[in-house]
Amino acid sequence: MAKIILNKLNYFHNLDTINQKLNNTDKIAVVLKDNAYGHGLMQIAKLANEYGIKKAVVRTIKEAEEISHLFDYILVLAETINQSCSHTFHIAINSLQDINNICKNTNVHLKIDTGMHRNGITIEELEEAIYRISKANLNLTGVFTHYRSSDVLSSEFFWQQTNFNNIKNEVKTICEKLSLSLPHFHSLNSSGIFRCEKVDDDFVRIGIACYGYCDNKFPLYEPKLKPVASLVATRLSTTHLKKGNRIGYGGEFEASQDMASSTYDIGYGDGFLRLTPNHGQYITPKGFTLLGKVSMDSLSLDTNEEEVVIFDDVNHLAQLHRTITYEILTSLSSQIKRVIE
Ligand SMILES: *Cc1c(COP(=O)(O)O)cnc(C)c1O
């Protein structure tokens, strides 16, 4: 059966590398949304806990509940809750309307829009939002933003940071006025921390770097990260092709000589997205060539090995698909067995 192998030492190495920027594991919140970027929510949550990470970020309340025993502090990005929930949960407020949809005494983090223009309140709404949060008896435990340009090498990232620094000052003034305790501030994702000399925020939200990737290339500083997930497929059958035989839908691969080809139990239904010969040739880490199109549940390779590592690093795949590593990873089906090694 196909499986995803999670390399624990690589995961810990990545956390070490991130921690070199912070010198404090309490400042790291691991982002576990979308099945921990396709790696497996529970498996990665347990590894993070074993390493000593105390904070996590997820998308939904259900995800937060599943991992609640493993973290002291869980930020839920995209779901409000109208009933009381664990005091370790912190619910993101993405709009002024959200304030009415959360039951009192809940911890909330107010999201500020610093230019992404997807969600978050505007800088002009800041005072009203904090006032309404306090009126609704919600605990304002955090104020945060998500930069649109931390992965774009331009000065945009720096003016957005300046905006957020101004917001921090304003929040401090408002909280003093309303006698509220000061919330935690956070703004940086993976590419953000590697662009900062020094991190002033209370914590950072790290997704892709924990899993071993950073899609943008830094001119000055290249973090040495190691991919955590490998996809391993098992052989279903072997065919002996005659010269001129063609493989798969549309027969796109044609054998130029007699050769063996085997079918493996991974396809686009498992999240190994369809590669056609138009994408360019895909070669596995051990040098086997993908033959013809990927089917829903299978693909063909020019080998007869029982088990084949389909990838141990998705950078090349992301390039072939002209996309980002995030998309390749989050596509991986939750049905595939995850094994920690
Ligand atoms: C997904 C996400 C992150 C993590 O981003 P990476 O680039 O994977 O580190 C951080 N913050 C928010 C709000 C997110 O949605």
# chains A, B, ... in the order shown; residues from 1 in each chain; ligands from 1
call {"tool": "residues_around", "arguments": {"residues": "A:Thr25", "least_positions_apart": "5", "cutoff": "10 Å", "atoms": "only C-alpha atoms", "output": "PyMOL selection string"}}
result
chain A and resi 15-16+18-20+51-55+203
call {"tool": "write_last_selection", "arguments": {"atoms": "N, CA and C atoms", "output": "compact mmCIF listing (two decimals), in the first residue's frame"}}
result
# COMPACT_ATOMS: atom_id res chain seq x y z
N LEU A 15 12.59 22.79 12.79
CA LEU A 15 12.23 23.59 13.97
C LEU A 15 13.47 24.22 14.60
N ASP A 16 14.59 23.47 14.62
CA ASP A 16 15.85 24.05 15.12
C ASP A 16 16.24 25.28 14.30
N ILE A 18 14.34 27.25 12.50
CA ILE A 18 13.42 28.35 12.77
C ILE A 18 13.75 28.96 14.13
N ASN A 19 14.03 28.09 15.08
CA ASN A 19 14.30 28.58 16.44
C ASN A 19 15.59 29.39 16.53
N GLN A 20 16.52 29.16 15.57
CA GLN A 20 17.73 29.99 15.56
C GLN A 20 17.39 31.47 15.37
N TYR A 51 8.67 17.88 20.41
CA TYR A 51 9.78 18.84 20.30
C TYR A 51 9.69 19.91 21.39
N GLY A 52 8.46 20.13 21.90
CA GLY A 52 8.30 21.14 22.94
C GLY A 52 7.57 22.39 22.49
N ILE A 53 6.91 22.30 21.33
CA ILE A 53 6.13 23.44 20.83
C ILE A 53 4.82 23.52 21.62
N LYS A 54 4.46 24.75 22.01
CA LYS A 54 3.26 24.93 22.85
C LYS A 54 2.07 25.53 22.09
N LYS A 55 2.36 26.14 20.94
CA LYS A 55 1.29 26.87 20.22
C LYS A 55 1.05 26.29 18.83
N PHE A 203 4.87 36.13 18.93
CA PHE A 203 5.14 34.82 18.32
C PHE A 203 4.98 34.90 16.81
call {"tool": "residues_around", "arguments": {"residues": "stretch 2-14 of chain A", "least_positions_apart": "3", "cutoff": "6 Å", "atoms": "only C-alpha atoms", "output": "PyMOL selection string"}}
result
chain A and resi 17+210+225-226+228-234+336-341
call {"tool": "write_last_selection", "arguments": {"atoms": "N, CA, C and O atoms", "output": "PDB file, in the first residue's frame"}}
result
ATOM      1  N   THR A  17      16.115  25.146  12.973  1.00  0.00           N
ATOM      2  CA  THR A  17      16.514  26.242  12.073  1.00  0.00           C
ATOM      3  C   THR A  17      15.636  27.471  12.316  1.00  0.00           C
ATOM      4  O   THR A  17      16.130  28.602  12.352  1.00  0.00           O
ATOM      5  N   CYS A 210       8.365  24.557   8.451  1.00  0.00           N
ATOM      6  CA  CYS A 210       8.415  23.365   9.322  1.00  0.00           C
ATOM      7  C   CYS A 210       8.474  22.104   8.474  1.00  0.00           C
ATOM      8  O   CYS A 210       9.052  21.094   8.875  1.00  0.00           O
ATOM      9  N   LEU A 225      16.684  24.028   5.036  1.00  0.00           N
ATOM     10  CA  LEU A 225      15.552  23.241   5.517  1.00  0.00           C
ATOM     11  C   LEU A 225      15.564  21.879   4.829  1.00  0.00           C
ATOM     12  O   LEU A 225      16.148  21.724   3.759  1.00  0.00           O
ATOM     13  N   LYS A 226      14.907  20.915   5.474  1.00  0.00           N
ATOM     14  CA  LYS A 226      14.891  19.560   4.908  1.00  0.00           C
ATOM     15  C   LYS A 226      13.451  19.069   4.768  1.00  0.00           C
ATOM     16  O   LYS A 226      12.719  19.036   5.766  1.00  0.00           O
ATOM     17  N   VAL A 228      10.148  17.047   4.854  1.00  0.00           N
ATOM     18  CA  VAL A 228       9.732  16.068   5.864  1.00  0.00           C
ATOM     19  C   VAL A 228       9.027  14.868   5.223  1.00  0.00           C
ATOM     20  O   VAL A 228       9.202  13.734   5.659  1.00  0.00           O
ATOM     21  N   ALA A 229       8.230  15.115   4.204  1.00  0.00           N
ATOM     22  CA  ALA A 229       7.401  14.032   3.650  1.00  0.00           C
ATOM     23  C   ALA A 229       8.020  13.390   2.416  1.00  0.00           C
ATOM     24  O   ALA A 229       8.557  14.080   1.548  1.00  0.00           O
ATOM     25  N   SER A 230       7.936  12.062   2.364  1.00  0.00           N
ATOM     26  CA  SER A 230       8.243  11.323   1.128  1.00  0.00           C
ATOM     27  C   SER A 230       7.023  10.488   0.790  1.00  0.00           C
ATOM     28  O   SER A 230       6.375   9.939   1.679  1.00  0.00           O
ATOM     29  N   LEU A 231       6.752  10.386  -0.488  1.00  0.00           N
ATOM     30  CA  LEU A 231       5.624   9.569  -0.935  1.00  0.00           C
ATOM     31  C   LEU A 231       6.174   8.276  -1.515  1.00  0.00           C
ATOM     32  O   LEU A 231       7.042   8.305  -2.403  1.00  0.00           O
ATOM     33  N   VAL A 232       5.685   7.142  -0.976  1.00  0.00           N
ATOM     34  CA  VAL A 232       6.188   5.839  -1.411  1.00  0.00           C
ATOM     35  C   VAL A 232       5.038   5.036  -2.004  1.00  0.00           C
ATOM     36  O   VAL A 232       3.973   4.920  -1.393  1.00  0.00           O
ATOM     37  N   ALA A 233       5.240   4.501  -3.194  1.00  0.00           N
ATOM     38  CA  ALA A 233       4.192   3.708  -3.853  1.00  0.00           C
ATOM     39  C   ALA A 233       4.617   2.253  -3.912  1.00  0.00           C
ATOM     40  O   ALA A 233       5.807   1.927  -3.903  1.00  0.00           O
ATOM     41  N   THR A 234       3.611   1.370  -3.988  1.00  0.00           N
ATOM     42  CA  THR A 234       3.857  -0.070  -4.073  1.00  0.00           C
ATOM     43  C   THR A 234       3.451  -0.574  -5.451  1.00  0.00           C
ATOM     44  O   THR A 234       2.460  -0.106  -6.027  1.00  0.00           O
ATOM     45  N   ILE A 336      -4.116   8.396   2.535  1.00  0.00           N
ATOM     46  CA  ILE A 336      -2.834   7.668   2.474  1.00  0.00           C
ATOM     47  C   ILE A 336      -2.286   7.495   3.884  1.00  0.00           C
ATOM     48  O   ILE A 336      -2.337   8.424   4.705  1.00  0.00           O
ATOM     49  N   LYS A 337      -1.775   6.314   4.169  1.00  0.00           N
ATOM     50  CA  LYS A 337      -1.222   6.042   5.502  1.00  0.00           C
ATOM     51  C   LYS A 337       0.024   6.908   5.746  1.00  0.00           C
ATOM     52  O   LYS A 337       0.851   7.066   4.849  1.00  0.00           O
ATOM     53  N   ARG A 338       0.123   7.478   6.956  1.00  0.00           N
ATOM     54  CA  ARG A 338       1.321   8.255   7.324  1.00  0.00           C
ATOM     55  C   ARG A 338       2.148   7.435   8.308  1.00  0.00           C
ATOM     56  O   ARG A 338       1.594   6.913   9.292  1.00  0.00           O
ATOM     57  N   VAL A 339       3.446   7.378   8.065  1.00  0.00           N
ATOM     58  CA  VAL A 339       4.342   6.616   8.933  1.00  0.00           C
ATOM     59  C   VAL A 339       5.489   7.533   9.362  1.00  0.00           C
ATOM     60  O   VAL A 339       6.101   8.184   8.519  1.00  0.00           O
ATOM     61  N   ILE A 340       5.745   7.575  10.673  1.00  0.00           N
ATOM     62  CA  ILE A 340       6.850   8.420  11.154  1.00  0.00           C
ATOM     63  C   ILE A 340       8.112   7.569  11.263  1.00  0.00           C
ATOM     64  O   ILE A 340       8.092   6.478  11.816  1.00  0.00           O
ATOM     65  N   GLU A 341       9.202   8.071  10.676  1.00  0.00           N
ATOM     66  CA  GLU A 341      10.462   7.303  10.752  1.00  0.00           C
ATOM     67  C   GLU A 341      11.590   8.161  11.264  1.00  0.00           C
ATOM     68  O   GLU A 341      11.553   9.359  11.145  1.00  0.00           O
TER      69      GLU A 341
END
call {"tool": "closest_atom_pairs", "arguments": {"of": "chain A", "to": "ligand 1", "cutoff": "8 Å", "atoms": "only C-alpha atoms and all ligand atoms", "output": "Markdown table"}}
result
| residue | atom | partner | partner_atom_place_in_ligand_line | distance |
| --- | --- | --- | --- | --- |
| A:Val31 | CA | ligand 1 | 4 (C) | 5.8 |
| A:Lys33 | CA | ligand 1 | 1 (C) | 7.0 |
| A:Val57 | CA | ligand 1 | 11 (N) | 7.9 |
| A:Arg59 | CA | ligand 1 | 15 (O) | 7.9 |
| A:Leu77 | CA | ligand 1 | 13 (C) | 6.6 |
| A:Thr145 | CA | ligand 1 | 13 (C) | 7.2 |
| A:His146 | CA | ligand 1 | 13 (C) | 5.4 |
| A:Ser187 | CA | ligand 1 | 11 (N) | 7.4 |
| A:Leu188 | CA | ligand 1 | 10 (C) | 6.9 |
| A:Asn189 | CA | ligand 1 | 9 (O) | 4.0 |
| A:Ser190 | CA | ligand 1 | 9 (O) | 3.6 |
| A:Ser191 | CA | ligand 1 | 7 (O) | 6.1 |
| A:Gly192 | CA | ligand 1 | 9 (O) | 7.9 |
| A:Val204 | CA | ligand 1 | 10 (C) | 7.9 |
| A:Arg205 | CA | ligand 1 | 10 (C) | 4.8 |
| A:Ile206 | CA | ligand 1 | 9 (O) | 4.1 |
| A:Gly207 | CA | ligand 1 | 8 (O) | 3.4 |
| A:Ile208 | CA | ligand 1 | 8 (O) | 3.8 |
| A:Ala209 | CA | ligand 1 | 9 (O) | 6.1 |
| A:Cys210 | CA | ligand 1 | 9 (O) | 8.0 |
| A:Cys214 | CA | ligand 1 | 7 (O) | 7.7 |
| A:Tyr326 | CA | ligand 1 | 8 (O) | 7.4 |
call {"tool": "write_last_selection", "arguments": {"atoms": "C-alpha atoms", "output": "PDB file, in the first residue's frame"}}
result
ATOM      1  CA  VAL A  31       0.572  26.061  11.433  1.00  0.00           C
ATOM      2  CA  LYS A  33      -4.215  23.806   8.878  1.00  0.00           C
ATOM      3  CA  VAL A  57      -2.616  27.447  14.385  1.00  0.00           C
ATOM      4  CA  ARG A  59      -8.364  26.621  10.369  1.00  0.00           C
ATOM      5  CA  LEU A  77      -8.116  31.167  11.835  1.00  0.00           C
ATOM      6  CA  THR A 145      -1.978  40.533  10.434  1.00  0.00           C
ATOM      7  CA  HIS A 146      -0.851  38.466   7.464  1.00  0.00           C
ATOM      8  CA  SER A 187       2.430  38.914  11.910  1.00  0.00           C
ATOM      9  CA  LEU A 188       5.147  36.735  10.390  1.00  0.00           C
ATOM     10  CA  ASN A 189       4.899  33.507   8.411  1.00  0.00           C
ATOM     11  CA  SER A 190       7.796  31.375   7.160  1.00  0.00           C
ATOM     12  CA  SER A 191       9.155  33.705   4.510  1.00  0.00           C
ATOM     13  CA  GLY A 192       8.611  36.676   6.829  1.00  0.00           C
ATOM     14  CA  VAL A 204       5.343  33.764  14.681  1.00  0.00           C
ATOM     15  CA  ARG A 205       3.073  31.495  12.637  1.00  0.00           C
ATOM     16  CA  ILE A 206       5.193  28.994  10.755  1.00  0.00           C
ATOM     17  CA  GLY A 207       3.760  26.632   8.171  1.00  0.00           C
ATOM     18  CA  ILE A 208       5.760  25.661   5.119  1.00  0.00           C
ATOM     19  CA  ALA A 209       9.231  26.024   6.693  1.00  0.00           C
ATOM     20  CA  CYS A 210       8.415  23.365   9.322  1.00  0.00           C
ATOM     21  CA  CYS A 214      10.570  28.067   1.494  1.00  0.00           C
ATOM     22  CA  TYR A 326       2.162  24.320  -0.753  1.00  0.00           C
TER      23      TYR A 326
END
call {"tool": "select_by_dssp", "arguments": {"residues": "stretch 55-282 of chain A", "states": "alpha helix (DSSP H)", "output": "ChimeraX atom specification"}}
result
/A:61-66,126-135,156-177,190-193
call {"tool": "residues_around", "arguments": {"residues": "A:Gln335", "least_positions_apart": "5", "cutoff": "12 Å", "atoms": "only C-alpha atoms", "output": "list in words"}}
result
Met1, Ala2, Lys3, Ile4, Asn35, Gly38, His39, Gly40, Ile266, Gly269, Asp270 and Gly271 of chain A
call {"tool": "write_last_selection", "arguments": {"atoms": "C-alpha atoms", "output": "PDB file, in the first residue's frame"}}
result
ATOM      1  CA  MET A   1       0.000   0.000   0.000  1.00  0.00           C
ATOM      2  CA  ALA A   2       1.149   3.510  -0.739  1.00  0.00           C
ATOM      3  CA  LYS A   3       2.337   5.547   2.240  1.00  0.00           C
ATOM      4  CA  ILE A   4       3.746   8.899   3.239  1.00  0.00           C
ATOM      5  CA  ASN A  35      -4.136  18.374   7.483  1.00  0.00           C
ATOM      6  CA  GLY A  38      -1.014  17.345   3.730  1.00  0.00           C
ATOM      7  CA  HIS A  39       1.391  15.701   6.192  1.00  0.00           C
ATOM      8  CA  GLY A  40      -1.255  14.475   8.666  1.00  0.00           C
ATOM      9  CA  ILE A 266      -0.547   6.234  -6.628  1.00  0.00           C
ATOM     10  CA  GLY A 269      -7.005  10.593  -6.772  1.00  0.00           C
ATOM     11  CA  ASP A 270      -4.354  10.350  -4.039  1.00  0.00           C
ATOM     12  CA  GLY A 271      -3.275  13.890  -4.747  1.00  0.00           C
TER      13      GLY A 271
END
call {"tool": "closest_residue", "arguments": {"among": "A:Leu138, A:Leu291, A:Ile121, A:Ala92", "to": "A:Gly250", "atoms": "only C-alpha atoms"}}
result
A:Leu291
call {"tool": "closest_residue", "arguments": {"among": "A:Thr173, A:Gln161, A:Asn278, A:Ser179", "to": "A:Ile193", "atoms": "only C-alpha atoms"}}
result
A:Gln161
call {"tool": "closest_residue", "arguments": {"among": "A:Leu96, A:Val171, A:Ala260, A:Leu275", "to": "A:Ser237", "atoms": "only C-alpha atoms"}}
result
A:Ala260
call {"tool": "atom_distance", "arguments": {"atom1": "atom CA of A:Arg195", "atom2": "atom CA of A:Ser150"}}
result
7.8 Å
call {"tool": "residues_around", "arguments": {"residues": "A:Glu252", "least_positions_apart": "3", "cutoff": "12 Å", "atoms": "only C-alpha atoms", "output": "JSON, numbers by chain"}}
result
{"A": [244, 245, 246, 247, 248, 249, 255, 275, 276, 277, 278, 290, 291, 292, 293, 294, 300]}
call {"tool": "write_last_selection", "arguments": {"atoms": "N, CA and C atoms", "output": "compact mmCIF listing (two decimals), in the first residue's frame"}}
result
# COMPACT_ATOMS: atom_id res chain seq x y z
N GLY A 244 7.11 -0.14 -29.54
CA GLY A 244 5.91 0.40 -30.19
C GLY A 244 4.67 0.35 -29.31
N ASN A 245 4.68 -0.45 -28.21
CA ASN A 245 3.53 -0.45 -27.28
C ASN A 245 3.45 0.91 -26.60
N ARG A 246 2.22 1.30 -26.32
CA ARG A 246 2.04 2.62 -25.69
C ARG A 246 1.31 2.46 -24.35
N ILE A 247 1.59 3.38 -23.43
CA ILE A 247 1.09 3.23 -22.06
C ILE A 247 0.08 4.30 -21.69
N GLY A 248 -0.98 3.89 -20.99
CA GLY A 248 -1.88 4.82 -20.31
C GLY A 248 -2.86 5.51 -21.24
N TYR A 249 -3.67 6.41 -20.66
CA TYR A 249 -4.67 7.16 -21.43
C TYR A 249 -4.02 7.92 -22.57
N ALA A 255 6.98 2.87 -26.23
CA ALA A 255 8.26 2.19 -25.98
C ALA A 255 9.10 2.20 -27.26
N LEU A 275 0.41 14.48 -14.22
CA LEU A 275 1.53 14.98 -15.01
C LEU A 275 1.40 14.33 -16.37
N THR A 276 1.49 15.11 -17.39
CA THR A 276 1.47 14.51 -18.73
C THR A 276 2.86 14.77 -19.32
N PRO A 277 3.19 14.12 -20.39
CA PRO A 277 4.51 14.38 -20.98
C PRO A 277 4.72 15.87 -21.34
N ASN A 278 3.62 16.61 -21.50
CA ASN A 278 3.77 18.05 -21.79
C ASN A 278 4.42 18.82 -20.65
N LEU A 290 8.68 8.42 -15.14
CA LEU A 290 7.22 8.28 -15.21
C LEU A 290 6.84 8.11 -16.67
N LEU A 291 6.06 7.05 -16.95
CA LEU A 291 5.72 6.73 -18.34
C LEU A 291 4.25 7.06 -18.61
N GLY A 292 3.98 7.94 -19.56
CA GLY A 292 2.59 8.27 -19.91
C GLY A 292 1.91 9.10 -18.85
N LYS A 293 0.60 9.22 -18.99
CA LYS A 293 -0.17 10.07 -18.07
C LYS A 293 -0.39 9.39 -16.73
N VAL A 294 -0.58 10.20 -15.69
CA VAL A 294 -0.97 9.68 -14.38
C VAL A 294 -2.47 9.37 -14.44
N SER A 300 2.68 4.63 -14.10
CA SER A 300 3.65 3.63 -14.57
C SER A 300 5.06 4.17 -14.50
call {"tool": "residues_around", "arguments": {"residues": "A:Cys103", "least_positions_apart": "5", "cutoff": "9 Å", "atoms": "only C-alpha atoms", "output": "CSV table (one decimal) with N, CA and C atoms, in the first residue's frame"}}
result
chain,number,residue,atom,x,y,z
A,81,ILE,N,-17.2,30.6,16.9
A,81,ILE,CA,-17.9,29.6,17.6
A,81,ILE,C,-18.9,30.4,18.6
A,82,ASN,N,-20.1,29.9,18.5
A,82,ASN,CA,-21.2,30.6,19.3
A,82,ASN,C,-21.5,29.9,20.6
A,83,GLN,N,-20.7,29.0,21.0
A,83,GLN,CA,-20.8,28.4,22.3
A,83,GLN,C,-19.5,28.4,23.0
A,84,SER,N,-19.4,28.2,24.3
A,84,SER,CA,-18.2,28.3,25.0
A,84,SER,C,-17.2,27.2,24.5
A,85,CYS,N,-15.9,27.6,24.5
A,85,CYS,CA,-15.0,26.6,24.0
A,85,CYS,C,-13.8,26.6,25.0
A,136,ALA,N,-18.6,43.3,24.3
A,136,ALA,CA,-19.2,41.9,24.2
A,136,ALA,C,-18.6,40.9,25.2
A,137,ASN,N,-17.8,41.4,26.1
A,137,ASN,CA,-17.1,40.6,27.1
A,137,ASN,C,-16.2,39.5,26.5
A,138,LEU,N,-15.6,39.8,25.4
A,138,LEU,CA,-14.6,38.8,24.8
A,138,LEU,C,-13.3,39.2,25.3
call {"tool": "closest_residue", "arguments": {"among": "A:Phe253, A:Tyr131, A:Phe158, A:Phe185", "to": "A:Ile112", "atoms": "only C-alpha atoms"}}
result
A:Phe185
